[in-house]
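I have placed the structure first, in the form of structure tokens, so that the comments after it can refer back to it.
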Amino acid sequence: MHYIFKNYIRNMIVSVLIMLAFSVQLFASDETVTVIKHTAKGDEKLLIDSSAEKYYLGYGDYVTGISDLSSLHHLKTVEIEGTAFLHDFSFLADCSQLKTLVIRECTIDDFDFLLKLAELENLVLQSVRCSSYPDIEGMKCLDYFEMSDSGVIDTCWLEDPPQTVKVLNLAYNAIQKIDIHKYPSVNKIILTGNPLERTELPAKFSTGDDVYTELPEQYRKFVR
């Protein structure tokens, strides 16, 4: 009888442990998602909190691509900077719910992925190298657009920004001429650091030395 009781207890303990292990695994699968980071040395699996709202990829990372970022359904912000080996940003097209995209010191093959980011509110491109300019005309939620220190020579490509855009930051480029009658719906246009031929500009055109103070407060977080 004692032997049977001991076996019963032991079996109960084993059953409980199995159930706990299964529960932990199930819980973990609900709480994390796997994102694949492709590098020159091979693929790396990243376990990321499924409720994550921001993803950052930065300096010193030899990443050449990202897969399954779209599995982060709560993702609102992506920030990528200084990734010398990452030129193809097409993986971002799957993140249609993004509100803010920041890309710094990167080479961008093309901007086709932006066509899928219809909900984007802030697009920040700083010190980027590219062979074409982004088309933001169809981005009907865009509020802040920045393309600074990126070798921009004119604004012909920026003929029809969405009516929602309130601030254009084109600081530290090579712009010499700008039509002051363009962008009637834009509240602020930052042109600091450009070799402008015309020095007298309407008040909404800013050429002050300190971009940070010239920007409305809600956009100052993007200044580097």
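Chain identifiers are assigned as A, B, and so on, following the order in which chains appear in the structure tokens; residues are numbered from 1 within each chain, and ligands are numbered from 1 in order of appearance.
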* Asked: Skipping near chain neighbours, those fewer than 3 positions away, what residues fall within 9 Å of A:Val78 using only C-alpha atoms, listed as a ChimeraX atom specification?
  -> /A:53-57,75,92,98-103
How about saving the chosen residues, C-alpha atoms kept, as a compact mmCIF listing (two decimals), in the first residue's frame?
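To be explicit, this is the file written out as selection.txt:
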# COMPACT_ATOMS: atom_id res chain seq x y z
CA GLU A 53 6.27 49.13 -30.09
CA LYS A 54 9.83 50.06 -31.12
CA TYR A 55 12.62 48.26 -32.97
CA TYR A 56 16.17 49.65 -33.11
CA LEU A 57 19.09 48.56 -35.28
CA LEU A 75 5.22 47.96 -33.79
CA LEU A 92 9.79 47.55 -43.98
CA LEU A 98 4.30 52.03 -38.61
CA LYS A 99 3.85 55.58 -37.32
CA THR A 100 7.51 56.67 -37.16
CA LEU A 101 10.48 55.66 -39.30
CA VAL A 102 13.97 57.02 -38.64
CA ILE A 103 16.93 56.11 -40.88
Long-range neighbours of A:Thr207 as a short mmCIF file (atom, residue, chain, number, x, y, z; two decimals) with C-alpha atoms, in the first residue's frame, 12 Å cut-off, only C-alpha atoms, 6 positions minimum in chain:
data_model
loop_
_atom_site.label_atom_id
_atom_site.label_comp_id
_atom_site.auth_asym_id
_atom_site.auth_seq_id
_atom_site.Cartn_x
_atom_site.Cartn_y
_atom_site.Cartn_z
CA ASN A 169 13.15 69.76 -42.41
CA LEU A 170 15.67 70.04 -45.26
CA ALA A 171 18.60 71.30 -43.19
CA TYR A 172 22.27 70.93 -44.17
CA ASN A 173 21.79 70.12 -47.83
CA ILE A 175 19.71 73.75 -51.88
CA LYS A 188 7.52 75.38 -40.92
CA ILE A 189 10.30 74.75 -43.43
CA ILE A 190 13.81 74.31 -42.02
CA LEU A 191 16.59 75.32 -44.43
CA THR A 192 19.47 75.78 -42.01
CA GLY A 193 22.89 75.07 -43.53
CA ASN A 194 21.85 75.41 -47.19
CA PRO A 195 23.69 77.81 -49.56
CA LEU A 196 20.53 79.74 -50.41
CA ARG A 198 17.90 84.36 -51.42
CA THR A 199 18.37 85.55 -47.86
CA GLU A 200 15.00 87.25 -47.27
CA LEU A 201 12.38 84.57 -46.78
CA THR A 213 15.17 75.50 -31.23
CA GLU A 214 13.66 76.19 -34.64
CA LEU A 215 11.64 72.97 -34.56
#
* If you count only C-alpha atoms, which residues fall within 10 Å of A:Phe111, apart from same-chain ones fewer than 3 positions away, as a PyMOL selection string? -> chain A and resi 88-90+93+108+114-115+130-136
* Smallest atom-to-atom distance to A:Glu105: which of A:Cys141, A:Ala118, A:Ile66, A:Gly58, using only C-alpha atoms? ->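 Between A:Cys141, A:Ala118, A:Ile66, A:Gly58, the residue approaching A:Glu105 most closely is A:Gly58.
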